[in-house]
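**Q** Following this message is one structure expressed as structure tokens.
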Amino acid sequence: MHTKEEFIEQIKENQGIIYKVARLYTNSAEDQKDVYQEIVYQLWKSYPSFKENSKFSTWMYRIALNTAISNLNKEKRKGTQVSIDNFLLNKMDQVDTVMEERITILYAHIKRLSIVEKGIILLHLEGKNYDEIAAITGFTKTNIGTRLGRIKQKLKSQIKK
Amino acid sequence: MELEEMKSLWEDMSQKVDQQKILTDELILDLTKERFENRMRSISVPETLSAFICFAAVIYLISNFNLLDVWYLQLTGVLTMIACIVLPILTLKSIKRIKAIDISKSTYKESLINYAKDKARFMKLQKTSFYTSFIVLILAVISFGKIMKGIDVFTMTEKLNWLVPSGIGILYVFSQWVLKKYRRATDSAHNILKELKE
């Protein structure tokens, strides 16, 4: 039985994942906030199905990526939003400007990849091995290897331009 | 920026993001609770309201059906009623289907397949409802015109002379726009599915 307190602790510990996924699949601060909120909501909704034998962060990547994708199809339904503006908008402001600029360029390169590739490169950058990427994405390990090779080539040529 | 540089920059960013423990217990709870209430309200209210309006129109048409005294007016009345019953039911059913999706059970690959298929399905629905709405609008104008004002549109030949061509013109312009949007969305969905098969 999972408790609310355990959920809160886990979210606090892994909150960076939500930020990175939400930023990757959106193009504006407003959409980012919306997806961020949606991911936390979906995590809470799916929390009873989380099994202790798997790693929380692995489960969290899966829910976060799936939510970000499913959100791409939804029309914007604006209503009252939780006041997450401050922490989301200011989060990276606390990092120095030069770094933020470089991060923006990094995200811009990744965002130019296809929707299929985005998730795979994110997990690779997060330091996940082929087994973990395969478990989260549902692709085979061989397929992940092939795709990553292709993505790296694509990024290389993008960066050269 | 080299690939290795990308990876180390990503690590630096991750460290910074992880250090900034800004989410509080209260905020996390708010994010789940308010989102839930907000979502339920934003989806259910307008759709239920639209369904009620459609059903009210059906009741109105049934109770005044005797005023539609010619066969073609009766036919437009029946077709309007069918549309006013079927369309809201289809919309509510599709919302129910979306709400029933269990995100925790799918992998990234499965979600991408669902995304591409939903995208194609949604655009098909948009295209169909565009044409249907146009037809329903015409049918409703004919039926309600007769019931509320006693006007039989089919006998007003003078007005029909300019109403029909301008209606077709508007339909043509908008349908080109809808078809363009439809082709673009289905192409993109097709590309995702193709890429997943590679």
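Lettering and numbering for the structure tokens are positional, with chains as A, B, ... in the shown order, residues counted from 1 in each chain, and ligands counted from 1 in the shown order.
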How close does chain A get to chain B? List, as a tab-separated table, each residue of chain A within 6 Å, its nearest atom pair and the distance in Å to one decimal, counting only C-alpha atoms.
**A**
```
residue	atom	partner	partner_atom	distance
A:Gly16	CA	B:Asp18	CA	5.4
A:Gln37	CA	B:Leu31	CA	5.8
A:Tyr41	CA	B:Thr32	CA	4.4
A:Ser46	CA	B:Ser104	CA	5.9
A:Ile63	CA	B:Ser104	CA	5.7
A:Asn66	CA	B:Ser111	CA	5.8
A:Leu125	CA	B:Lys7	CA	5.7
A:Thr137	CA	B:Tyr108	CA	4.3
A:Gly138	CA	B:Thr107	CA	5.3
```
**Q** Keeping only all heavy atoms, write those residues as an mmCIF file, in the first residue's frame.
**A**
```
data_model
loop_
_atom_site.group_PDB
_atom_site.id
_atom_site.type_symbol
_atom_site.label_atom_id
_atom_site.label_comp_id
_atom_site.auth_asym_id
_atom_site.auth_seq_id
_atom_site.Cartn_x
_atom_site.Cartn_y
_atom_site.Cartn_z
ATOM 1 N N GLY A 16 13.295 16.610 -11.070
ATOM 2 C CA GLY A 16 14.059 17.028 -12.257
ATOM 3 C C GLY A 16 13.576 16.329 -13.512
ATOM 4 O O GLY A 16 13.553 16.915 -14.600
ATOM 5 N N GLN A 37 2.166 19.998 -14.884
ATOM 6 C CA GLN A 37 1.031 19.751 -13.993
ATOM 7 C C GLN A 37 0.347 18.432 -14.338
ATOM 8 O O GLN A 37 -0.002 17.649 -13.467
ATOM 9 C CB GLN A 37 0.062 20.917 -14.155
ATOM 10 C CG GLN A 37 -0.896 21.064 -13.013
ATOM 11 C CD GLN A 37 -1.703 22.355 -13.139
ATOM 12 O OE1 GLN A 37 -1.222 23.336 -13.700
ATOM 13 N NE2 GLN A 37 -2.903 22.344 -12.636
ATOM 14 N N TYR A 41 -0.135 15.010 -12.098
ATOM 15 C CA TYR A 41 -1.491 14.457 -11.924
ATOM 16 C C TYR A 41 -1.540 12.986 -12.351
ATOM 17 O O TYR A 41 -2.089 12.138 -11.641
ATOM 18 C CB TYR A 41 -2.501 15.289 -12.737
ATOM 19 C CG TYR A 41 -3.838 14.610 -12.873
ATOM 20 C CD1 TYR A 41 -4.690 14.505 -11.781
ATOM 21 C CD2 TYR A 41 -4.220 14.043 -14.085
ATOM 22 C CE1 TYR A 41 -5.902 13.851 -11.906
ATOM 23 C CE2 TYR A 41 -5.425 13.386 -14.214
ATOM 24 C CZ TYR A 41 -6.261 13.297 -13.120
ATOM 25 O OH TYR A 41 -7.447 12.640 -13.233
ATOM 26 N N SER A 46 -1.726 7.203 -11.323
ATOM 27 C CA SER A 46 -1.194 5.865 -11.612
ATOM 28 C C SER A 46 -0.425 5.274 -10.439
ATOM 29 O O SER A 46 -0.005 4.117 -10.506
ATOM 30 C CB SER A 46 -0.254 5.927 -12.825
ATOM 31 O OG SER A 46 -0.839 6.606 -13.871
ATOM 32 N N ILE A 63 5.752 7.162 -17.314
ATOM 33 C CA ILE A 63 4.511 7.944 -17.178
ATOM 34 C C ILE A 63 4.716 9.349 -17.746
ATOM 35 O O ILE A 63 3.857 9.881 -18.457
ATOM 36 C CB ILE A 63 4.089 8.063 -15.690
ATOM 37 C CG1 ILE A 63 3.988 6.698 -15.037
ATOM 38 C CG2 ILE A 63 2.801 8.881 -15.525
ATOM 39 C CD1 ILE A 63 2.772 5.903 -15.312
ATOM 40 N N ASN A 66 4.871 9.231 -21.601
ATOM 41 C CA ASN A 66 3.543 8.924 -22.147
ATOM 42 C C ASN A 66 2.592 10.108 -22.014
ATOM 43 O O ASN A 66 1.802 10.398 -22.912
ATOM 44 C CB ASN A 66 2.933 7.707 -21.438
ATOM 45 C CG ASN A 66 3.657 6.430 -21.788
ATOM 46 O OD1 ASN A 66 4.479 6.409 -22.697
ATOM 47 N ND2 ASN A 66 3.379 5.362 -21.066
ATOM 48 N N LEU A 125 20.740 10.588 -22.643
ATOM 49 C CA LEU A 125 21.410 11.701 -21.947
ATOM 50 C C LEU A 125 21.264 11.578 -20.427
ATOM 51 O O LEU A 125 22.113 12.044 -19.675
ATOM 52 C CB LEU A 125 20.839 13.050 -22.415
ATOM 53 C CG LEU A 125 21.202 13.475 -23.838
ATOM 54 C CD1 LEU A 125 20.402 14.698 -24.255
ATOM 55 C CD2 LEU A 125 22.689 13.763 -23.980
ATOM 56 N N THR A 137 10.832 2.207 -23.077
ATOM 57 C CA THR A 137 10.253 2.532 -24.381
ATOM 58 C C THR A 137 9.485 1.396 -25.050
ATOM 59 O O THR A 137 8.599 1.636 -25.869
ATOM 60 C CB THR A 137 11.354 2.979 -25.363
ATOM 61 O OG1 THR A 137 12.309 1.923 -25.471
ATOM 62 C CG2 THR A 137 12.036 4.248 -24.889
ATOM 63 N N GLY A 138 9.892 0.138 -24.763
ATOM 64 C CA GLY A 138 9.227 -0.981 -25.424
ATOM 65 C C GLY A 138 9.930 -1.396 -26.707
ATOM 66 O O GLY A 138 9.501 -2.333 -27.374
#
```
**Q** Which is closest to B:Ala189 among A:Ser114, A:Ala134, A:Glu126, A:Leu148, if we use only C-alpha atoms?
**A** A:Ser114
**Q** Using only C-alpha atoms, which of the listed residues (A:Thr140, A:Thr146, A:Gln42, A:Thr58) sits closest to A:Asn71?
**A** A:Gln42
**Q** Find, counting only C-alpha atoms, the residue in B:Tyr72, B:Lys117, B:Ser63, B:Ser175 that gets nearest to B:Asp152.
**A**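 Closest to B:Asp152 of all the choices is B:Tyr72.
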